[in-house]
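To be precise, the following lines are model-v5.json, and they hold JSON, C-alpha atoms.
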```json
[["chain", "number", "residue", "atom", "x", "y", "z"],
["F", 1, "MET", "CA", 63.02, -15.58, 87.67],
["F", 2, "GLY", "CA", 60.80, -14.63, 90.59],
["F", 3, "ILE", "CA", 57.08, -14.31, 90.09],
["F", 4, "LYS", "CA", 57.17, -10.49, 89.72],
["F", 5, "ASN", "CA", 60.04, -8.10, 90.40],
["F", 6, "TYR", "CA", 59.80, -4.33, 90.44],
["F", 7, "LEU", "CA", 62.45, -1.63, 90.71],
["F", 8, "ILE", "CA", 61.66, 1.65, 92.45],
["F", 9, "GLU", "CA", 64.40, 4.19, 91.73],
["F", 10, "GLY", "CA", 64.76, 7.93, 92.14],
["F", 11, "GLY", "CA", 67.16, 10.58, 93.27],
["F", 12, "SER", "CA", 67.94, 11.47, 96.87],
["F", 13, "GLY", "CA", 64.86, 12.77, 98.67],
["F", 14, "THR", "CA", 62.27, 11.53, 96.19],
["F", 15, "GLY", "CA", 60.79, 9.01, 98.62],
["F", 16, "LYS", "CA", 62.32, 5.60, 97.91],
["F", 17, "THR", "CA", 62.70, 4.64, 101.57],
["F", 18, "SER", "CA", 59.24, 5.95, 102.50],
["F", 19, "VAL", "CA", 57.64, 4.02, 99.64],
["F", 20, "ALA", "CA", 59.54, 0.87, 100.63],
["F", 21, "THR", "CA", 58.39, 1.19, 104.23],
["F", 22, "GLU", "CA", 54.75, 1.67, 103.16],
["F", 23, "LEU", "CA", 54.93, -1.33, 100.83],
["F", 24, "GLU", "CA", 56.28, -3.40, 103.73],
["F", 25, "ARG", "CA", 53.52, -2.11, 106.00],
["F", 26, "ARG", "CA", 51.04, -3.41, 103.42],
["F", 27, "GLY", "CA", 52.65, -6.84, 103.48],
["F", 28, "TYR", "CA", 54.79, -6.75, 100.33],
["F", 29, "HIS", "CA", 58.27, -8.22, 100.09],
["F", 30, "VAL", "CA", 60.70, -5.30, 99.88],
["F", 31, "VAL", "CA", 64.46, -5.09, 99.45],
["F", 32, "HIS", "CA", 65.86, -1.81, 100.79],
["F", 33, "GLY", "CA", 68.67, -1.54, 98.25],
["F", 34, "ASP", "CA", 70.37, 1.44, 99.87],
["F", 35, "ARG", "CA", 70.47, -0.35, 103.23],
["F", 36, "VAL", "CA", 71.13, -4.01, 102.41],
["F", 37, "LEU", "CA", 72.66, -4.13, 98.93],
["F", 38, "ALA", "CA", 74.57, -0.93, 98.20],
["F", 39, "TYR", "CA", 78.31, -0.52, 98.46],
["F", 40, "VAL", "CA", 81.00, 1.60, 96.82],
["F", 41, "GLY", "CA", 82.37, -0.19, 93.79],
["F", 42, "ASP", "CA", 83.15, -0.15, 90.09],
["F", 43, "PRO", "CA", 79.84, 0.04, 88.19],
["F", 44, "GLU", "CA", 81.20, -2.11, 85.35],
["F", 45, "THR", "CA", 83.11, -4.83, 87.19],
["F", 46, "GLY", "CA", 81.39, -4.77, 90.59],
["F", 47, "GLN", "CA", 84.76, -4.73, 92.35],
["F", 48, "ALA", "CA", 84.54, -3.05, 95.77],
["F", 49, "LEU", "CA", 86.58, 0.13, 96.01],
["F", 50, "ALA", "CA", 88.17, 1.70, 99.08],
["F", 51, "GLY", "CA", 87.52, 5.27, 98.06],
["F", 52, "PRO", "CA", 88.13, 7.97, 95.48],
["F", 53, "PRO", "CA", 91.49, 8.35, 93.81],
["F", 54, "GLU", "CA", 93.58, 11.26, 95.00],
["F", 55, "GLY", "CA", 92.31, 14.54, 93.62],
["F", 56, "ALA", "CA", 88.83, 13.25, 92.78],
["F", 57, "ASP", "CA", 85.77, 15.06, 94.07],
["F", 58, "ARG", "CA", 84.74, 12.76, 96.93],
["F", 59, "ILE", "CA", 81.01, 13.50, 96.67],
["F", 60, "VAL", "CA", 80.72, 13.15, 92.88],
["F", 61, "TRP", "CA", 82.86, 10.02, 92.97],
["F", 62, "GLY", "CA", 80.80, 8.48, 95.77],
["F", 63, "TYR", "CA", 77.53, 8.97, 93.89],
["F", 64, "ALA", "CA", 79.02, 7.55, 90.69],
["F", 65, "HIS", "CA", 80.23, 4.41, 92.47],
["F", 66, "TRP", "CA", 77.15, 3.55, 94.59],
["F", 67, "ILE", "CA", 76.26, 0.10, 93.24],
["F", 68, "TRP", "CA", 74.47, -3.16, 94.03],
["F", 69, "PRO", "CA", 76.01, -6.65, 93.75],
["F", 70, "VAL", "CA", 74.61, -8.06, 90.52],
["F", 71, "ASP", "CA", 74.76, -11.70, 91.66],
["F", 72, "LYS", "CA", 72.84, -10.93, 94.85],
["F", 73, "VAL", "CA", 70.18, -8.94, 92.96],
["F", 74, "ARG", "CA", 69.78, -11.85, 90.52],
["F", 75, "ALA", "CA", 69.47, -14.36, 93.38],
["F", 76, "ILE", "CA", 66.79, -12.33, 95.15],
["F", 77, "ALA", "CA", 64.91, -11.78, 91.89],
["F", 78, "ALA", "CA", 64.96, -15.54, 91.22],
["F", 79, "ASP", "CA", 63.25, -16.31, 94.55],
["F", 80, "THR", "CA", 59.71, -17.49, 93.84],
["F", 81, "THR", "CA", 58.54, -17.63, 97.46],
["F", 82, "HIS", "CA", 56.99, -14.15, 97.16],
["F", 83, "PRO", "CA", 54.37, -13.15, 94.60],
["F", 84, "ALA", "CA", 56.14, -9.81, 94.16],
["F", 85, "THR", "CA", 59.42, -8.26, 95.25],
["F", 86, "PHE", "CA", 60.04, -4.52, 95.24],
["F", 87, "PHE", "CA", 63.67, -3.41, 95.05],
["F", 88, "CYS", "CA", 63.81, 0.16, 96.36],
["F", 89, "GLY", "CA", 66.90, 2.33, 96.19],
["F", 90, "GLY", "CA", 69.51, 3.80, 93.92],
["F", 91, "SER", "CA", 72.23, 1.99, 92.04],
["F", 92, "ARG", "CA", 74.62, 3.26, 89.39],
["F", 93, "ASN", "CA", 74.94, -0.20, 87.85],
["F", 94, "PHE", "CA", 71.22, -0.83, 87.33],
["F", 95, "HIS", "CA", 71.96, -1.46, 83.66],
["F", 96, "LYS", "CA", 73.55, -4.77, 84.72],
["F", 97, "PHE", "CA", 70.25, -6.16, 86.07],
["F", 98, "LEU", "CA", 67.46, -4.04, 84.60],
["F", 99, "ASP", "CA", 66.30, -7.06, 82.58],
["F", 100, "LEU", "CA", 65.12, -8.73, 85.82],
["F", 101, "PHE", "CA", 62.29, -6.29, 86.43],
["F", 102, "ASP", "CA", 58.73, -6.53, 85.19],
["F", 103, "LYS", "CA", 58.36, -2.77, 85.64],
["F", 104, "VAL", "CA", 60.61, 0.09, 86.66],
["F", 105, "PHE", "CA", 59.22, 3.06, 88.58],
["F", 106, "VAL", "CA", 61.17, 6.30, 88.82],
["F", 107, "LEU", "CA", 60.13, 8.58, 91.66],
["F", 108, "ASP", "CA", 60.08, 12.28, 90.88],
["F", 109, "ILE", "CA", 59.25, 15.48, 92.70],
["F", 110, "ASP", "CA", 59.31, 19.24, 92.15],
["F", 111, "VAL", "CA", 62.45, 21.10, 93.24],
["F", 112, "GLU", "CA", 60.73, 23.10, 96.00],
["F", 113, "THR", "CA", 59.42, 19.96, 97.70],
["F", 114, "LEU", "CA", 62.74, 18.19, 97.15],
["F", 115, "ASN", "CA", 64.62, 21.00, 98.89],
["F", 116, "ARG", "CA", 62.15, 20.96, 101.78],
["F", 117, "ARG", "CA", 62.61, 17.19, 102.19],
["F", 118, "LEU", "CA", 66.39, 17.44, 102.03],
["F", 119, "ASP", "CA", 66.31, 20.21, 104.65],
["F", 120, "GLY", "CA", 64.62, 17.78, 107.02],
["F", 121, "ARG", "CA", 67.23, 15.02, 106.62],
["F", 122, "PRO", "CA", 70.42, 16.21, 108.34],
["F", 123, "ASN", "CA", 72.09, 12.79, 108.33],
["F", 124, "GLU", "CA", 71.18, 11.83, 104.76],
["F", 125, "PRO", "CA", 72.65, 12.59, 101.32],
["F", 126, "GLY", "CA", 71.72, 16.03, 100.06],
["F", 127, "PHE", "CA", 71.70, 17.93, 103.34],
["F", 128, "GLU", "CA", 75.20, 19.42, 103.16],
["F", 129, "PRO", "CA", 75.58, 22.25, 100.59],
["F", 130, "ALA", "CA", 78.00, 20.42, 98.26],
["F", 131, "GLU", "CA", 75.82, 17.31, 98.29],
["F", 132, "ARG", "CA", 72.69, 19.42, 97.79],
["F", 133, "ALA", "CA", 74.16, 21.02, 94.68],
["F", 134, "LEU", "CA", 74.94, 17.58, 93.26],
["F", 135, "VAL", "CA", 71.52, 16.15, 94.14],
["F", 136, "LEU", "CA", 69.84, 19.13, 92.44],
["F", 137, "ARG", "CA", 72.06, 18.73, 89.37],
["F", 138, "TYR", "CA", 71.17, 15.04, 89.08],
["F", 139, "HIS", "CA", 67.51, 15.88, 89.67],
["F", 140, "HIS", "CA", 67.63, 18.28, 86.74],
["F", 141, "THR", "CA", 69.67, 16.09, 84.36],
["F", 142, "ARG", "CA", 68.13, 12.74, 85.49],
["F", 143, "GLU", "CA", 71.67, 11.35, 85.34],
["F", 144, "TYR", "CA", 71.98, 7.89, 86.89],
["F", 145, "LEU", "CA", 68.25, 7.16, 86.58],
["F", 146, "PRO", "CA", 66.80, 4.35, 84.48],
["F", 147, "ILE", "CA", 63.97, 4.90, 82.05],
["F", 148, "GLY", "CA", 60.72, 3.89, 83.69],
["F", 149, "ILE", "CA", 57.24, 4.88, 84.74],
["F", 150, "SER", "CA", 57.46, 8.31, 86.35],
["F", 151, "ILE", "CA", 55.74, 8.56, 89.72],
["F", 152, "ASP", "CA", 55.03, 11.98, 91.24],
["F", 153, "THR", "CA", 55.80, 11.77, 94.95],
["F", 154, "THR", "CA", 54.46, 15.15, 96.07],
["F", 155, "GLY", "CA", 51.36, 13.50, 97.56],
["F", 156, "THR", "CA", 51.09, 11.40, 100.67],
["F", 157, "VAL", "CA", 53.14, 8.22, 100.85],
["F", 158, "PRO", "CA", 50.01, 6.00, 100.85],
["F", 159, "SER", "CA", 48.71, 7.74, 97.71],
["F", 160, "VAL", "CA", 52.09, 7.34, 96.00],
["F", 161, "VAL", "CA", 52.08, 3.61, 96.81],
["F", 162, "ASP", "CA", 48.47, 3.37, 95.59],
["F", 163, "ASP", "CA", 49.63, 4.92, 92.29],
["F", 164, "ILE", "CA", 52.44, 2.38, 91.95],
["F", 165, "LEU", "CA", 50.23, -0.59, 92.82],
["F", 166, "ALA", "CA", 47.54, 0.55, 90.37],
["F", 167, "GLN", "CA", 50.09, 0.23, 87.56],
["F", 168, "LEU", "CA", 51.03, -3.36, 88.30],
["F", 169, "THR", "CA", 48.09, -4.91, 86.47]]
```
Could I get this file's structure written as structure tokens?
Amino acid sequence: MGIKNYLIEGGSGTGKTSVATELERRGYHVVHGDRVLAYVGDPETGQALAGPPEGADRIVWGYAHWIWPVDKVRAIAADTTHPATFFCGGSRNFHKFLDLFDKVFVLDIDVETLNRRLDGRPNEPGFEPAERALVLRYHHTREYLPIGISIDTTGTVPSVVDDILAQLT
């Protein structure tokens, strides 16, 4: 096991990438899960999948099958060359590796701010109307989110990161 491993999760638009970038700016080791780990696969077996079965809702199916490779997550978490590693992103199979993390942070935001953020991201999940409806549903139900320390991300990114770092001790 690595020295300390932390998971930063949250729905689309809650600030995972911004938090990851700020942590990196401050010199922390960060794994951008949505950029370097995520792929479409079976959340139970990890098998990569080509796409939704015929007749399935493409957007709902895509969200439900956005996963991380368990073996790769375990290998990164076992690396002791960094005092702390922050895994930032969303994964529907987090239950397969949740035991690796010293703490889990779940980013949260009010709906008005979430909608404003999603409006400003035309090439990201949640911009198109069908995706927006799904993002808002998941935001309300907290489906696909682990249990963890809730972090309000309505403030500035540096203050959000300060809040996370203050809870590491």
For F:Asp163, find every residue with an atom within 12 Å (counting only C-alpha atoms), except residues of its own chain fewer than 6 positions away, and show them as a tab-separated table (two decimals) with C-alpha atoms, keeping the file's coordinate frame.
```tsv
chain	number	residue	atom	x	y	z
F	19	VAL	CA	57.64	4.02	99.64
F	23	LEU	CA	54.93	-1.33	100.83
F	105	PHE	CA	59.22	3.06	88.58
F	107	LEU	CA	60.13	8.58	91.66
F	149	ILE	CA	57.24	4.88	84.74
F	150	SER	CA	57.46	8.31	86.35
F	151	ILE	CA	55.74	8.56	89.72
F	152	ASP	CA	55.03	11.98	91.24
F	153	THR	CA	55.80	11.77	94.95
F	154	THR	CA	54.46	15.15	96.07
F	155	GLY	CA	51.36	13.50	97.56
F	156	THR	CA	51.09	11.40	100.67
F	157	VAL	CA	53.14	8.22	100.85
F	169	THR	CA	48.09	-4.91	86.47
```
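In terms of minimum interatomic distance to F:Gly33, F:Pro69 ranks closest within F:Pro129, F:Pro53, F:Pro69, F:Pro83, counting all atoms listed in the file.
When all atoms listed in the file are used to measure the gap to F:Ala20, the shortest distance among F:Val160, F:Val135, F:Ala50, F:Leu100 belongs to F:Val160.
Of the residues under consideration (F:Cys88, F:Ile67, F:Leu145, F:Leu98), F:Cys88 shows the shortest atom-to-atom contact distance to F:Thr21 when counting only C-alpha atoms.
Nearest to F:Tyr28 of all the residues F:Ala75, F:Ala84, F:Ile109, F:Ile147 is F:Ala84, counting only C-alpha atoms.
The gap separating atom CA of F:Glu131 from atom CA of F:Ile59 is 6.6 Å, in Å to one decimal.
Here atom CA of F:His29 and atom CA of F:Lys4 stand 10.7 Å from one another.
Compared by their closest atoms to F:Phe86, and using all atoms listed in the file, the residues F:Arg132, F:Arg142, F:His32, F:Arg74 rank with F:His32 nearest.
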Interatomic distance (Å, one decimal) between atom CA of F:Val111 and atom CA of F:Ala38: 25.6 Å
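For the residues F:Gln167, F:Thr141, F:Thr113, F:Ser91, ranking by smallest atom-to-atom distance to F:Pro43 using all atoms listed in the file places F:Ser91 first.
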Long-range neighbours of F:Pro146 as a PyMOL selection string, 10 Å cut-off, only C-alpha atoms, 2 positions minimum in chain: chain F and resi 7-10+90-95+98+104-106+142-144+148-149
